[in-house]
Amino acid sequence: MNLKIKIKNLTLKNPVMTASGTFGYGEENAEFFDLSLLGAVVVKGLSIKPSMGNPPPRIWETPCGMLNSIGLQNIGIEAFNRDKLPWLRQFDTRIIANFYGNEISEFVEAARALEGVDALEMNVSCPNKQAGWIAFGTDPLMLSKVVGAVRKVTELPLIVKLSPNVTDITVLAKSAVDAGADALSLINTLTAMAIDIETRRPRLSNIIGGLSGPAIKPIAIRMVYQVHKAVNVPLIGMGGIMNGNDAVEFLLAGAGGVAVGTANFIDPVASVKVLDGIIDYMRRKNISDINDIIGGVMV
Amino acid sequence: MNRSFISVVITNQPLAVSGYFTLTVSVDSNMPIPMPGQFCMIKIPYSLDPILGRPLCVFDFEQGLMTFLVRIMGRGTALLSKLTAGDKVSILGPLGNGFPIVKNSQLPIIVVGGMGIASLYMFIKKYGASALFYGAKTASELIFLDDIKKNCDNLFISTDDGSAGVKGGILDSLERYIAAINSNRLIYCCGPHGMYKAMAERFDRTGLDITVSLEERMACGIGGCLGCVTKTNSNTYSRVCKEGPVFKLNSISFG
């Protein structure tokens with residue numbers, strides 16, 4: 001059975017990754033399973049300088065999902081390279097660094113500082129300080145500029161994680177690919193909000209957060225399907241994957257790989273169970289190559 | 001080390017006081033023995049709504065059984081209250097650090113506010129306390145008081161309405177007691193957040209060594225989501241699930 005997938009020149013032993021921000025730097029989940037089982041570990045979003053994150057409350061449970069406004073708390077790239085990356089390297093898996101900035105120059109500096117990983121994943125859902133704090137990933141021109149700037153300074157496979165908070169995600173997908181993205185991750189969380197009706201206060205200190213979990217899966221499937229028809233690079237599908245069947249649905253919609261996010265919070269071993277579920281499906285359907293499923297939805 | 005198990009509900013016992021129940025479940029033989037103050041994430045298996053487990057202190061643990069003392073706070077705990085014998089629950093744990101075990105000669109003063117008993121009952125039962133201060137809103141919310149009496153003869157009770165023990169807050173009694181003794185400076189405490197804030201203000205310069213257990217909403221319980229953080233005095237955020245739930249009171253920022 002062939003489970004290998006490729007992102008540019010990088011081969012992953014299987015299509016299952018962890019969604020950034022749901023797996024820390026791998027240490028917590030490594031207490032529960034061997035990270036070498038995964039196709040890749042995508043670490044918590046990194047920035048040049050450490051970030052403290054938002055004040056609590058940071059999470060709120062919603063039907064079949066959750067809101068979060070962690071605020072990109074992270075230890076910074078220098079500490080990651082020194083304290084976390086060497087430890088991650090003991091595992092036979094690919095290490096993908098998710099990173100962000102609030103200016104183009106910060107993205108460029110971050111990408112340069114992360115040369116020790118196997119691939120880069122750009123979080124473009126963060127706001128641009130020099131453009132009225134509008135998210136980079138919601139404007140095709142802005143997205144093109146930031147992706148193009150990072151492309152110039154790195155030879156690593158470059159994945160752009162798209163924001164779903166746009167009218168037509170295919171426009172942004174094309175913009176990222178034209179600017180040099182080797183692959184696209186989709187989707188990031190949907191901006192969302194909840195209110196305590198007793199106190200009239202928002203449930204999150206940041207007021208607005210990001211919705212994740214099975215509640216957003218049909219939206220993510222739709223976007224993967226649309227983007228798969230619009231561009232010709234590998235897609236990493238994510239959004240509410242709880243088991244192998246969910247993952248297969250993403251593959252059929254056009255994803256070449258999948259990332260497990262919120263499910264890691266419910267079961268630390270969820271990502272491995274997703275992989276097992278994909279294998280079970282392939283056995284049951286007598287499919288020997290994962291690539292035979294990708295984009296296989298019949299319409 | 002595996003800490004993820006499916007357990008079977010043995011009993012689900014409503015308490016005399018409304019809205020409280022004890023949930024007793026079977027324990028997998030591979031589960032590490034929980035320390036007092038550690039917790040588990042409890043979830044109805046495969047449920048997507050609610051999707052997250054609920055962090056619950058291990059109330060008691062013996063003879064292959066584990067008990068949680070639960071108060072119905074919302075939909076998740078309400079669903080747990082409806083479980084019956086034979087139902088399955090997923091258990092992730094034990095998690096967090098727990099209260100440090102000390103030598104018998106250095107037993108802490110234990111201070112419990114209401115539901116805080118959920119976190120300290122096992123410690124009191126196993127090791128006792130040099131003195132126990134137990135406060136609640138009203139007499140009926142002094143849960144498991146009779147059991148605790150057996151393990152601690154130096155007991156101080158208070159209730160907000162005066163229906164049992166001294167009328168008023170537990171910290172007044174504690175303050176009087178502290179003033180009268182010189183030896184024991186170690187305090188273990190579990191109660192509402194407001195009580196910790198009051199303790200931090202009242203006992204700031206007394207040289208007491210106060211250890212408290214915090215409560216926060218959690219998604220994962222293992223340190224991955226960064227959802228349950230509390231601010232520390234070094235102006236950083238610590239994860240209640242991983243660095244805690246037990247912290248030194250003077251390490252927490254109430255600002």
# chains A, B, ... in the order shown; residues from 1 in each chain; ligands from 1
>>> residues_around(residues="Thr67 of chain B", least_positions_apart="4", cutoff="7 Å", atoms="only C-alpha atoms", output="MDAnalysis selection string")
chainID B and resid 22:25 58:61
>>> select_by_dssp(residues="segment 50-282 of chain A", states="strand (DSSP E or B)", output="PyMOL selection string")
chain A and resi 51+59-62+65-68+74+94-99+119-123+127-128+134-135+158-161+183-186+190-192+195-196+201-202+209-212+235-237+257-260
>>> interface_residues(of="chain A", to="chain B", cutoff="7 Å", atoms="only C-alpha atoms", output="number ranges by chain")
A: 21-24, 28, 31-32, 52, 56, 58-59, 63-65, 70, 265-266
>>> select_by_dssp(residues="segment 110-214 of chain A", states="helix (DSSP H, G or I)", output="PyMOL selection string")
chain A and resi 110-113+129-131+136-138+140-153+169-178+214
>>> write_last_selection(atoms="N, CA, C and O atoms", output="short mmCIF file (atom, residue, chain, number, x, y, z; two decimals), in the first residue's frame")
data_model
loop_
_atom_site.label_atom_id
_atom_site.label_comp_id
_atom_site.auth_asym_id
_atom_site.auth_seq_id
_atom_site.Cartn_x
_atom_site.Cartn_y
_atom_site.Cartn_z
N ALA A 110 11.46 35.72 9.70
CA ALA A 110 11.09 34.44 10.31
C ALA A 110 11.44 33.28 9.37
O ALA A 110 12.01 32.27 9.81
N ALA A 111 11.12 33.42 8.10
CA ALA A 111 11.40 32.35 7.14
C ALA A 111 12.91 32.08 7.07
O ALA A 111 13.34 30.92 7.03
N ARG A 112 13.70 33.13 7.09
CA ARG A 112 15.16 32.98 7.06
C ARG A 112 15.66 32.23 8.29
O ARG A 112 16.54 31.39 8.23
N ALA A 113 15.06 32.56 9.45
CA ALA A 113 15.52 31.98 10.72
C ALA A 113 15.10 30.52 10.88
O ALA A 113 15.59 29.82 11.76
N LYS A 129 0.10 45.07 10.13
CA LYS A 129 0.22 46.32 10.87
C LYS A 129 0.23 47.53 9.94
O LYS A 129 -0.29 48.59 10.27
N GLN A 130 0.83 47.34 8.75
CA GLN A 130 0.99 48.48 7.84
C GLN A 130 -0.20 48.67 6.90
O GLN A 130 -0.16 49.51 6.00
N ALA A 131 -1.24 47.86 7.09
CA ALA A 131 -2.42 48.01 6.23
C ALA A 131 -3.68 48.01 7.09
O ALA A 131 -4.64 47.28 6.81
N PHE A 136 -3.55 39.53 6.22
CA PHE A 136 -2.82 39.36 4.95
C PHE A 136 -3.61 38.48 3.98
O PHE A 136 -3.67 38.77 2.78
N GLY A 137 -4.19 37.42 4.54
CA GLY A 137 -4.80 36.41 3.69
C GLY A 137 -6.18 36.75 3.18
O GLY A 137 -6.83 35.89 2.58
N THR A 138 -6.65 37.98 3.41
CA THR A 138 -7.99 38.32 2.92
C THR A 138 -7.95 39.26 1.73
O THR A 138 -9.00 39.63 1.19
N PRO A 140 -6.04 39.71 -2.07
CA PRO A 140 -5.18 38.99 -3.03
C PRO A 140 -3.82 39.69 -3.26
O PRO A 140 -2.80 39.01 -3.36
N LEU A 141 -3.83 41.01 -3.32
CA LEU A 141 -2.59 41.73 -3.59
C LEU A 141 -1.64 41.66 -2.40
O LEU A 141 -0.44 41.40 -2.56
N MET A 142 -2.20 41.86 -1.22
CA MET A 142 -1.40 41.80 0.00
C MET A 142 -0.83 40.39 0.18
O MET A 142 0.34 40.21 0.55
N LEU A 143 -1.65 39.41 -0.10
CA LEU A 143 -1.21 38.01 0.02
C LEU A 143 -0.08 37.72 -0.95
O LEU A 143 0.93 37.13 -0.61
N SER A 144 -0.26 38.19 -2.18
CA SER A 144 0.75 37.99 -3.21
C SER A 144 2.09 38.61 -2.79
O SER A 144 3.15 38.00 -2.96
N LYS A 145 2.02 39.80 -2.22
CA LYS A 145 3.26 40.47 -1.80
C LYS A 145 3.99 39.71 -0.71
O LYS A 145 5.20 39.53 -0.76
N VAL A 146 3.26 39.27 0.30
CA VAL A 146 3.92 38.61 1.44
C VAL A 146 4.44 37.23 1.04
O VAL A 146 5.55 36.84 1.42
N VAL A 147 3.68 36.51 0.24
CA VAL A 147 4.14 35.18 -0.20
C VAL A 147 5.35 35.34 -1.12
O VAL A 147 6.35 34.62 -0.99
N GLY A 148 5.28 36.32 -2.03
CA GLY A 148 6.39 36.57 -2.94
C GLY A 148 7.67 36.93 -2.19
O GLY A 148 8.77 36.47 -2.55
N ALA A 149 7.54 37.74 -1.15
CA ALA A 149 8.71 38.16 -0.37
C ALA A 149 9.35 36.98 0.34
O ALA A 149 10.58 36.86 0.39
N VAL A 150 8.53 36.09 0.87
CA VAL A 150 9.06 34.92 1.57
C VAL A 150 9.68 33.94 0.56
O VAL A 150 10.75 33.37 0.79
N ARG A 151 9.00 33.80 -0.59
CA ARG A 151 9.50 32.88 -1.64
C ARG A 151 10.94 33.21 -2.05
O ARG A 151 11.76 32.32 -2.28
N LYS A 152 11.23 34.51 -2.07
CA LYS A 152 12.57 34.96 -2.50
C LYS A 152 13.67 34.52 -1.55
O LYS A 152 14.82 34.40 -1.95
N VAL A 153 13.33 34.30 -0.27
CA VAL A 153 14.39 34.04 0.71
C VAL A 153 14.46 32.59 1.18
O VAL A 153 15.24 32.26 2.06
N ILE A 169 -12.51 31.89 -1.94
CA ILE A 169 -11.18 31.41 -1.54
C ILE A 169 -10.30 31.06 -2.74
O ILE A 169 -9.07 31.08 -2.66
N THR A 170 -10.92 30.79 -3.89
CA THR A 170 -10.09 30.42 -5.06
C THR A 170 -9.26 31.61 -5.54
O THR A 170 -8.16 31.42 -6.06
N VAL A 171 -9.76 32.81 -5.35
CA VAL A 171 -9.01 34.01 -5.75
C VAL A 171 -7.72 34.10 -4.92
O VAL A 171 -6.63 34.36 -5.45
N LEU A 172 -7.84 33.88 -3.62
CA LEU A 172 -6.68 33.93 -2.73
C LEU A 172 -5.75 32.76 -3.01
O LEU A 172 -4.52 32.91 -2.98
N ALA A 173 -6.31 31.60 -3.30
CA ALA A 173 -5.50 30.42 -3.60
C ALA A 173 -4.63 30.67 -4.82
O ALA A 173 -3.42 30.39 -4.82
N LYS A 174 -5.23 31.22 -5.88
CA LYS A 174 -4.47 31.52 -7.11
C LYS A 174 -3.39 32.54 -6.83
O LYS A 174 -2.26 32.43 -7.33
N SER A 175 -3.75 33.54 -6.04
CA SER A 175 -2.80 34.59 -5.71
C SER A 175 -1.57 34.02 -5.00
O SER A 175 -0.42 34.36 -5.32
N ALA A 176 -1.79 33.11 -4.04
CA ALA A 176 -0.68 32.51 -3.29
C ALA A 176 0.18 31.63 -4.21
O ALA A 176 1.41 31.67 -4.13
N VAL A 177 -0.47 30.86 -5.07
CA VAL A 177 0.28 29.95 -5.95
C VAL A 177 1.08 30.77 -6.98
O VAL A 177 2.26 30.49 -7.24
N ASP A 178 0.46 31.79 -7.54
CA ASP A 178 1.17 32.65 -8.51
C ASP A 178 2.38 33.32 -7.88
O ASP A 178 3.38 33.60 -8.56
N PRO A 214 -15.62 19.75 14.18
CA PRO A 214 -16.52 19.19 13.17
C PRO A 214 -17.57 20.19 12.66
O PRO A 214 -18.07 20.03 11.55
#
>>> closest_residue(among="A:Asn68, A:Thr167, A:Thr93, A:Asn291", to="Leu12 of chain A", atoms="only C-alpha atoms")
A:Thr93
>>> closest_residue(among="A:Ile48, A:Met17, A:Leu67, A:Leu162", to="Val227 of chain A", atoms="only C-alpha atoms")
A:Leu162
>>> closest_residue(among="A:Ala181, A:Val269, A:Ala135, A:Ile293", to="Ala119 of chain A", atoms="only C-alpha atoms")
A:Ala181
